[in-house]
>>> print(open('run-v4.cif').read())   # mmCIF, C-alpha atoms and all ligand atoms
data_coords
#
loop_
_atom_site.label_atom_id
_atom_site.label_comp_id
_atom_site.auth_asym_id
_atom_site.auth_seq_id
_atom_site.Cartn_x
_atom_site.Cartn_y
_atom_site.Cartn_z
CA MET A 20 22.61 -32.37 30.15
CA THR A 21 23.33 -32.07 26.43
CA ARG A 22 25.49 -29.38 24.81
CA GLU A 23 22.70 -28.82 22.31
CA LEU A 24 19.70 -27.39 24.11
CA ILE A 25 17.51 -27.25 21.00
CA LYS A 26 17.70 -29.50 17.99
CA LEU A 27 15.39 -29.50 14.99
CA GLU A 28 15.51 -32.22 12.38
CA ASN A 29 13.69 -31.82 9.06
CA ALA A 30 11.12 -29.55 10.65
CA THR A 31 8.24 -28.59 8.39
CA LYS A 32 5.25 -26.34 8.88
CA TYR A 33 2.96 -25.44 5.99
CA PHE A 34 -0.10 -23.22 6.11
CA SER A 35 -2.93 -23.57 3.67
CA VAL A 36 -4.38 -20.21 2.80
CA LYS A 37 -8.02 -20.21 1.73
CA ASN A 38 -9.72 -17.80 -0.64
CA ASN A 39 -12.93 -15.99 0.36
CA ILE A 40 -15.21 -18.87 -0.62
CA GLY A 41 -13.29 -21.23 1.64
CA GLN A 42 -11.28 -23.12 -0.98
CA THR A 43 -7.60 -23.76 -0.33
CA GLU A 44 -5.80 -21.38 -2.64
CA THR A 45 -2.13 -21.74 -1.85
CA ILE A 46 0.19 -23.59 0.46
CA VAL A 47 2.67 -21.38 2.31
CA LYS A 48 5.84 -23.26 3.21
CA ALA A 49 6.57 -21.23 6.36
CA VAL A 50 9.11 -23.78 7.68
CA ASP A 51 10.44 -25.98 4.94
CA ASN A 52 12.57 -28.93 6.05
CA ILE A 53 14.76 -27.10 8.57
CA SER A 54 17.46 -28.80 10.63
CA LEU A 55 19.45 -26.77 13.15
CA THR A 56 20.83 -26.81 16.67
CA ILE A 57 21.09 -24.15 19.35
CA ASP A 58 23.76 -24.76 21.95
CA ARG A 59 23.20 -24.19 25.63
CA GLY A 60 24.11 -20.61 26.57
CA GLU A 61 24.42 -19.33 23.02
CA THR A 62 22.47 -16.71 21.13
CA LEU A 63 21.41 -17.72 17.67
CA GLY A 64 20.34 -14.73 15.60
CA LEU A 65 17.63 -15.35 13.01
CA VAL A 66 17.34 -12.94 10.10
CA GLY A 67 15.44 -12.82 6.83
CA GLU A 68 12.87 -10.65 5.17
CA SER A 69 9.29 -10.33 6.32
CA GLY A 70 7.32 -13.53 5.69
CA SER A 71 10.40 -15.76 5.43
CA GLY A 72 9.15 -17.86 8.37
CA LYS A 73 11.22 -16.64 11.35
CA THR A 74 8.34 -16.31 13.79
CA THR A 75 6.79 -19.60 12.72
CA LEU A 76 10.12 -21.34 13.27
CA GLY A 77 10.49 -19.78 16.73
CA ARG A 78 6.91 -20.53 17.72
CA SER A 79 7.33 -24.12 16.53
CA ILE A 80 10.27 -24.57 18.90
CA LEU A 81 8.06 -23.34 21.75
CA GLN A 82 5.31 -25.63 20.50
CA LEU A 83 2.98 -22.68 20.05
CA GLU A 84 2.73 -23.97 16.49
CA GLU A 85 2.44 -27.69 15.84
CA LEU A 86 5.00 -28.86 13.27
CA ASP A 87 3.60 -30.94 10.40
CA SER A 88 6.64 -33.21 10.42
CA GLY A 89 10.19 -33.49 11.70
CA GLU A 90 11.70 -33.81 15.15
CA LEU A 91 12.09 -31.26 17.93
CA TYR A 92 14.52 -32.07 20.74
CA PHE A 93 14.93 -30.15 24.00
CA ASN A 94 17.95 -31.18 26.05
CA GLY A 95 18.07 -34.45 24.10
CA GLN A 96 14.40 -35.28 24.62
CA GLU A 97 12.20 -35.49 21.53
CA LEU A 98 9.07 -33.47 22.33
CA ARG A 99 6.67 -34.02 19.46
CA HIS A 100 5.95 -37.61 20.37
CA LEU A 101 5.36 -37.00 24.07
CA SER A 102 1.87 -36.95 25.54
CA LYS A 103 0.30 -33.54 26.18
CA LYS A 104 0.86 -33.98 29.90
CA GLU A 105 4.55 -34.85 29.47
CA ARG A 106 5.03 -31.92 27.11
CA LYS A 107 3.54 -29.51 29.64
CA THR A 108 6.57 -29.88 31.90
CA TYR A 109 8.68 -28.38 29.11
CA HIS A 110 6.51 -25.30 28.67
CA LYS A 111 7.99 -23.40 31.58
CA ARG A 112 11.51 -24.15 30.38
CA MET A 113 10.91 -22.19 27.16
CA GLN A 114 9.60 -18.63 27.23
CA ILE A 115 8.99 -15.80 24.78
CA ILE A 116 9.65 -12.07 24.77
CA PHE A 117 7.32 -10.30 22.37
CA GLN A 118 7.83 -7.39 20.03
CA ASP A 119 5.08 -5.24 21.48
CA PRO A 120 5.38 -5.13 25.25
CA TYR A 121 2.12 -3.19 25.59
CA SER A 122 -0.20 -5.72 24.01
CA SER A 123 1.52 -8.60 25.79
CA LEU A 124 0.82 -7.07 29.23
CA ASN A 125 -2.55 -7.04 30.95
CA PRO A 126 -3.53 -3.34 31.29
CA GLN A 127 -5.55 -4.11 34.44
CA ARG A 128 -2.64 -5.59 36.39
CA THR A 129 0.22 -3.95 38.23
CA ALA A 130 3.85 -4.66 37.34
CA LEU A 131 4.15 -6.95 40.34
CA ASP A 132 0.99 -8.89 39.47
CA GLN A 133 2.15 -9.39 35.86
CA VAL A 134 5.35 -11.04 37.02
CA LYS A 135 3.71 -12.90 39.90
CA GLU A 136 1.07 -14.50 37.70
CA PRO A 137 3.18 -17.33 36.21
CA LEU A 138 4.93 -17.80 39.58
CA ASN A 139 1.64 -18.36 41.42
CA LEU A 140 1.30 -21.65 39.55
CA LEU A 141 4.67 -22.87 40.83
CA PHE A 142 5.14 -21.45 44.34
CA ASP A 143 3.08 -20.53 47.37
CA LYS A 144 1.78 -16.94 47.50
CA ARG A 145 4.55 -15.46 49.64
CA GLU A 146 7.37 -17.11 47.76
CA ALA A 147 5.86 -16.08 44.40
CA GLU A 148 5.69 -12.46 45.58
CA GLU A 149 9.28 -12.45 46.86
CA LYS A 150 10.57 -13.94 43.62
CA ALA A 151 8.57 -11.47 41.51
CA LYS A 152 9.96 -8.53 43.53
CA ASP A 153 13.54 -9.83 43.17
CA ILE A 154 13.26 -10.23 39.42
CA LEU A 155 11.64 -6.79 38.99
CA LYS A 156 14.58 -5.28 40.89
CA LYS A 157 16.99 -7.26 38.75
CA VAL A 158 15.57 -5.69 35.58
CA GLY A 159 15.84 -2.17 37.02
CA PHE A 160 12.64 -1.36 38.94
CA THR A 161 12.31 0.02 42.45
CA GLU A 162 9.65 -0.80 45.08
CA SER A 163 7.62 2.28 44.12
CA ASP A 164 7.12 0.86 40.60
CA PHE A 165 5.64 -2.45 41.75
CA THR A 166 2.07 -1.16 42.09
CA LYS A 167 2.02 0.83 38.84
CA TYR A 168 0.02 -0.21 35.77
CA PRO A 169 1.42 -0.70 32.23
CA ARG A 170 0.04 2.68 31.04
CA GLU A 171 2.21 4.42 33.64
CA PHE A 172 5.43 3.05 32.13
CA SER A 173 7.42 3.94 29.02
CA GLY A 174 7.86 1.43 26.16
CA GLY A 175 11.29 0.40 27.43
CA GLN A 176 9.99 -0.11 30.98
CA ARG A 177 7.10 -2.19 29.68
CA GLN A 178 9.54 -4.36 27.80
CA ARG A 179 11.49 -4.79 31.05
CA ILE A 180 8.29 -6.08 32.68
CA GLY A 181 7.83 -8.49 29.74
CA ILE A 182 11.41 -9.68 30.19
CA ALA A 183 10.94 -10.05 33.97
CA ARG A 184 7.81 -12.12 33.35
CA ALA A 185 9.66 -14.37 30.91
CA VAL A 186 12.69 -15.01 33.13
CA ALA A 187 10.68 -15.28 36.39
CA VAL A 188 9.92 -18.97 35.89
CA GLU A 189 13.64 -19.73 35.39
CA PRO A 190 13.48 -20.91 31.77
CA GLU A 191 16.48 -22.25 29.91
CA PHE A 192 15.46 -21.04 26.46
CA ILE A 193 13.93 -17.71 25.43
CA LEU A 194 12.59 -16.80 22.01
CA CYS A 195 13.22 -13.06 21.61
CA ASP A 196 10.89 -12.17 18.73
CA GLU A 197 11.80 -8.65 17.59
CA PRO A 198 12.15 -7.54 21.22
CA ILE A 199 13.44 -4.05 20.43
CA SER A 200 11.77 -3.06 17.18
CA ALA A 201 8.86 -1.27 18.86
CA LEU A 202 11.19 0.79 21.07
CA ASP A 203 12.88 4.15 20.65
CA VAL A 204 16.40 3.79 19.28
CA SER A 205 17.77 5.38 22.45
CA ILE A 206 16.23 2.59 24.57
CA GLN A 207 17.09 -0.34 22.29
CA ALA A 208 20.69 -0.68 23.46
CA GLN A 209 19.60 -0.70 27.12
CA ILE A 210 17.23 -3.60 26.47
CA ILE A 211 19.86 -5.49 24.50
CA ASN A 212 22.36 -5.01 27.32
CA LEU A 213 19.79 -6.22 29.83
CA LEU A 214 19.25 -9.37 27.75
CA VAL A 215 23.02 -9.96 27.61
CA GLU A 216 23.36 -9.43 31.36
CA LEU A 217 20.50 -11.83 32.15
CA GLN A 218 21.96 -14.40 29.80
CA GLN A 219 25.27 -14.30 31.63
CA ASP A 220 23.70 -14.37 35.10
CA LEU A 221 21.09 -17.03 34.41
CA GLY A 222 22.81 -19.10 31.71
CA LEU A 223 20.03 -18.48 29.20
CA THR A 224 19.92 -19.60 25.59
CA TYR A 225 18.35 -17.21 23.08
CA LEU A 226 16.86 -17.39 19.61
CA PHE A 227 16.96 -13.73 18.65
CA ILE A 228 14.77 -12.65 15.73
CA SER A 229 15.35 -9.17 14.37
CA HIS A 230 15.44 -7.08 11.23
CA ASP A 231 18.14 -4.94 12.79
CA LEU A 232 21.30 -6.57 11.53
CA SER A 233 23.63 -4.44 13.61
CA MET A 234 21.83 -5.55 16.80
CA VAL A 235 21.85 -9.15 15.60
CA ARG A 236 25.56 -8.85 14.97
CA TYR A 237 26.13 -7.41 18.44
CA ILE A 238 24.18 -10.02 20.38
CA SER A 239 24.57 -13.27 18.39
CA ASP A 240 27.19 -15.99 18.61
CA ARG A 241 25.86 -17.51 15.39
CA ILE A 242 23.38 -16.31 12.82
CA ALA A 243 20.93 -18.21 10.64
CA VAL A 244 19.57 -16.63 7.47
CA MET A 245 16.07 -17.61 6.44
CA TYR A 246 14.58 -17.33 2.98
CA LEU A 247 11.20 -18.74 1.89
CA GLY A 248 10.97 -21.09 4.84
CA GLN A 249 14.50 -22.45 4.55
CA ILE A 250 17.76 -21.75 6.34
CA VAL A 251 19.97 -20.77 3.42
CA GLU A 252 23.05 -20.03 5.52
CA ILE A 253 24.12 -20.50 9.13
CA GLY A 254 27.46 -19.70 10.68
CA SER A 255 29.36 -17.78 13.32
CA THR A 256 28.58 -14.06 13.41
CA GLU A 257 32.09 -13.25 12.27
CA GLN A 258 32.02 -15.72 9.40
CA LEU A 259 28.62 -14.56 8.21
CA PHE A 260 29.51 -10.87 8.18
CA ASP A 261 33.07 -11.25 6.90
CA ASN A 262 32.53 -13.99 4.36
CA PRO A 263 28.86 -14.50 3.49
CA GLN A 264 28.33 -17.38 1.08
CA HIS A 265 24.73 -17.23 -0.02
CA PRO A 266 23.66 -14.49 -2.47
CA TYR A 267 20.64 -13.72 -0.30
CA THR A 268 22.88 -13.14 2.75
CA LYS A 269 25.09 -10.88 0.64
CA LYS A 270 22.00 -8.96 -0.40
CA LEU A 271 20.81 -8.57 3.20
CA LEU A 272 24.22 -7.36 4.32
CA SER A 273 24.56 -4.97 1.42
CA ALA A 274 21.19 -3.44 2.31
CA MET A 275 22.59 -2.85 5.78
CA THR A 276 25.54 -0.87 4.45
CA ILE A 277 23.73 0.87 1.61
CA ALA A 278 24.05 4.19 3.43
CA ASP A 279 27.79 3.96 2.75
CA PRO A 280 28.24 5.83 -0.60
CA ILE A 281 31.43 3.96 -1.56
CA LYS A 282 29.75 0.58 -1.05
CA ALA A 283 26.63 1.78 -2.87
CA ARG A 284 28.69 2.79 -5.92
CA GLU A 285 30.48 -0.56 -5.91
CA GLN A 286 27.14 -2.35 -5.80
CA GLN A 287 25.84 -0.40 -8.76
CA LYS A 288 28.82 -1.58 -10.77
CA ASN A 289 28.08 -5.25 -10.04
CA LYS A 290 25.89 -6.68 -12.75
CA LYS A 291 22.97 -8.85 -11.80
CA VAL A 292 23.39 -12.56 -12.45
CA GLN A 293 21.08 -13.81 -15.20
CA PRO A 294 19.98 -17.45 -14.96
CA THR A 295 21.12 -18.16 -18.52
CA ASN A 296 24.68 -17.23 -17.56
CA ILE A 297 24.85 -19.77 -14.81
CA PRO A 298 26.57 -23.02 -15.65
CA ARG A 299 24.74 -25.96 -14.10
CA THR A 300 26.92 -27.80 -11.67
CA LYS A 301 26.21 -30.96 -9.73
CA GLU A 302 25.94 -28.94 -6.51
CA PRO A 303 22.67 -27.00 -6.31
CA LYS A 304 23.26 -23.29 -6.05
CA TRP A 305 21.09 -20.30 -5.17
CA VAL A 306 21.12 -17.37 -7.55
CA GLU A 307 19.27 -14.09 -7.74
CA VAL A 308 17.16 -14.10 -10.91
CA GLU A 309 15.54 -10.75 -10.35
CA SER A 310 15.71 -8.17 -7.61
CA ASN A 311 15.26 -9.98 -4.28
CA HIS A 312 14.14 -13.24 -5.83
CA PHE A 313 16.41 -16.25 -5.51
CA VAL A 314 16.09 -19.66 -7.10
CA MET A 315 17.97 -22.91 -6.72
CA VAL A 316 19.70 -23.93 -9.97
N1 LIG B 1 -1.53 -18.88 11.01
C1 LIG B 1 -1.18 -18.68 9.75
N2 LIG B 1 -2.00 -18.99 8.72
C2 LIG B 1 -1.63 -18.83 7.44
N3 LIG B 1 -0.44 -18.36 7.06
C3 LIG B 1 0.43 -18.02 8.03
C4 LIG B 1 0.12 -18.17 9.41
N4 LIG B 1 1.20 -17.76 10.15
C5 LIG B 1 2.13 -17.39 9.27
N5 LIG B 1 1.68 -17.54 8.01
C6 LIG B 1 2.43 -17.27 6.76
O1 LIG B 1 3.67 -17.96 6.86
C7 LIG B 1 4.71 -17.16 6.29
C8 LIG B 1 5.80 -16.96 7.32
O2 LIG B 1 5.30 -16.07 8.32
P1 LIG B 1 6.18 -15.63 9.58
O3 LIG B 1 5.35 -14.69 10.40
O4 LIG B 1 6.70 -16.83 10.24
O5 LIG B 1 7.36 -14.83 8.87
P2 LIG B 1 8.43 -13.84 9.52
O6 LIG B 1 9.70 -14.08 8.81
O7 LIG B 1 8.42 -13.97 11.00
O8 LIG B 1 7.82 -12.41 9.12
P3 LIG B 1 7.98 -11.01 9.90
O9 LIG B 1 9.42 -10.66 9.84
O10 LIG B 1 7.10 -10.08 9.11
O11 LIG B 1 7.47 -11.23 11.29
C9 LIG B 1 4.06 -15.88 5.81
O12 LIG B 1 3.76 -16.01 4.44
C10 LIG B 1 2.79 -15.79 6.64
O13 LIG B 1 1.80 -15.08 5.95
#
>>> encode(input="run-v4.cif", output="structure tokens", more="lines below")
Ligand SMILES: Nc1ncnc2c1ncn2[C@@H]1O[C@H](COP(=O)(O)OP(=O)(O)OP(=O)(O)O)[C@@H](O)[C@H]1O
Amino acid sequence: MTRELIKLENATKYFSVKNNIGQTETIVKAVDNISLTIDRGETLGLVGESGSGKTTLGRSILQLEELDSGELYFNGQELRHLSKKERKTYHKRMQIIFQDPYSSLNPQRTALDQVKEPLNLLFDKREAEEKAKDILKKVGFTESDFTKYPREFSGGQRQRIGIARAVAVEPEFILCDEPISALDVSIQAQIINLLVELQQDLGLTYLFISHDLSMVRYISDRIAVMYLGQIVEIGSTEQLFDNPQHPYTKKLLSAMTIADPIKAREQQKNKKVQPTNIPRTKEPKWVEVESNHFVMV
């Protein structure tokens, strides 16, 4: 067993986007030469603006997207060069919790059936049912809920079913892709606390994608900041919030505290950095050349 559960080395995933007559128009560098590790039992938060590549990175780890190049290790085993059959054994060890619990559940199936479905492939019928019932109870349901359909549950309850389904097969790694953003604010903390509880009980490792920086701060041991397909900064949660290094991270964090009038006034006073003012050093450096646009100089 390795300390690092997930390791990516020089991972790259580009998409070619075609125009309406089928010609390749642009190449989107969704994941651009990323190397990172996620330790067993930790939560790595992943933040960055929309389109920066967070979901593509997460889906690439789960092999729901095929990387163009680079290495992907799970518990020390490189996965990209395994045969399809060998890779299959790793699928159950990595699961996903989706943003929208409603569309990820089958409307025609009861809560119990949703959770039982992946277990039916691994256990006999009775054992699958017992396990599904146990896990539904663990995430807060009672026997009377087992035969209800998704439409009969609230958003938070549906997300609990999604979580139960993901943890039922005893994975080691879970990609939590915006798991609370579709939920009422009053429910979000309950779901976060459930994820923390399950992590402690089951020894889970999370990659937690969210736009909600305060939630990311609460749940993450470390945080990675993504910008245009690259990880521009990664560090402990404390370090990243107390002493952010990259201008893009500073920008993200300042947007979080913009409601604070004192901070907002201070920010107004700070002049924007113009590229011409920047002395070229040997070390490449990211600077903001216009609002929300950063370049390496
Ligand atoms: N299947 C695809 N085909 C073409 N382009 C894609 C595909 N999937 C993602 N992209 C592009 O790759 C880039 C990264 O997308 P991705 O969804 O990973 O970003 P994100 O940071 O998760 O965004 P959000 O926060 O909005 O979910 C975007 O420009 C997106 O349009």
>>> atom_distance(input="run-v4.cif", atom1="CA of Ile53 (chain A)", atom2="atom O13 of ligand LIG 1 (chain B)")
17.9 Å
>>> atom_distance(input="run-v4.cif", atom1="CA of Thr75 (chain A)", atom2="CA of Gly254 (chain A)")
20.8 Å
>>> residues_around(input="run-v4.cif", residues="Leu76 (chain A)", least_positions_apart="6", cutoff="12 Å", atoms="all atoms listed in the file", output="ChimeraX atom specification")
/A:27,29-33,48-55,65-67,70,82-87,91,194,196,226-228,243,245-250
>>> residues_near_ligand(input="run-v4.cif", ligand="ligand LIG 1 (chain B)", cutoff="6 Å", atoms="all atoms listed in the file", output="list in words")
Phe34, Val36, Val47, Ala49, Glu68, Ser69, Gly70, Ser71, Gly72, Lys73, Thr74 and Thr75 of chain A
>>> atom_distance(input="run-v4.cif", atom1="CA of Gly77 (chain A)", atom2="CA of Gly95 (chain A)")
18.1 Å
>>> residues_around(input="run-v4.cif", residues="Ile182 (chain A)", least_positions_apart="2", cutoff="9 Å", atoms="all atoms listed in the file", output="list in words")
Ile115, Ile116, Phe117, Val158, Arg177, Gln178, Arg179, Ile180, Arg184, Ala185, Val186, Ala187 and Leu214 of chain A
>>> residues_around(input="run-v4.cif", residues="Glu148 (chain A)", least_positions_apart="5", cutoff="9 Å", atoms="all atoms listed in the file", output="ChimeraX atom specification")
/A:131-132,134-135,138-139,143,153
>>> residues_around(input="run-v4.cif", residues="Gln207 (chain A)", least_positions_apart="5", cutoff="9 Å", atoms="all atoms listed in the file", output="ChimeraX atom specification")
/A:175,198-202,212,234
>>> closest_residue(input="run-v4.cif", among="A:Pro169, A:Pro263, A:Gly159, A:Gly174", to="Pro126 (chain A)", atoms="all atoms listed in the file")
A:Pro169
>>> residues_around(input="run-v4.cif", residues="region 161-164 of chain A", least_positions_apart="2", cutoff="9 Å", atoms="all atoms listed in the file", output="list of chain:residue names")
A:Thr129, A:Ala130, A:Leu131, A:Lys152, A:Leu155, A:Lys156, A:Gly159, A:Thr166, A:Lys167, A:Tyr168, A:Phe172
>>> closest_residue(input="run-v4.cif", among="A:Glu61, A:Glu197, A:Glu149, A:Asp203", to="Ser173 (chain A)", atoms="all atoms listed in the file")
A:Asp203
>>> axis_aligned_box(input="run-v4.cif", around="region 136-148 of chain A", padding_each_side="6 Å", output="lines of an AutoDock Vina configuration file")
center_x = 4.2
center_y = -17.7
center_z = 42.9
size_x = 18.3
size_y = 22.4
size_z = 25.4
>>> residues_near_point(input="run-v4.cif", point="(21.6, -9.3, 14.6)", cutoff="8 Å", atoms="all atoms listed in the file", output="list of chain:residue names")
A:Gly64, A:Leu65, A:Val66, A:Phe227, A:Ile228, A:Ser229, A:His230, A:Asp231, A:Leu232, A:Ser233, A:Met234, A:Val235, A:Arg236, A:Tyr237, A:Ile238, A:Ser239, A:Ile242
>>> closest_residue(input="run-v4.cif", among="A:Pro266, A:Gly222, A:Pro120, A:Gly41", to="Cys195 (chain A)", atoms="all atoms listed in the file")
A:Pro120
>>> residues_near_point(input="run-v4.cif", point="(10.4, -20.6, 24.3)", cutoff="8 Å", atoms="all atoms listed in the file", output="ChimeraX atom specification")
/A:77-78,80-81,110,112-115,192-194
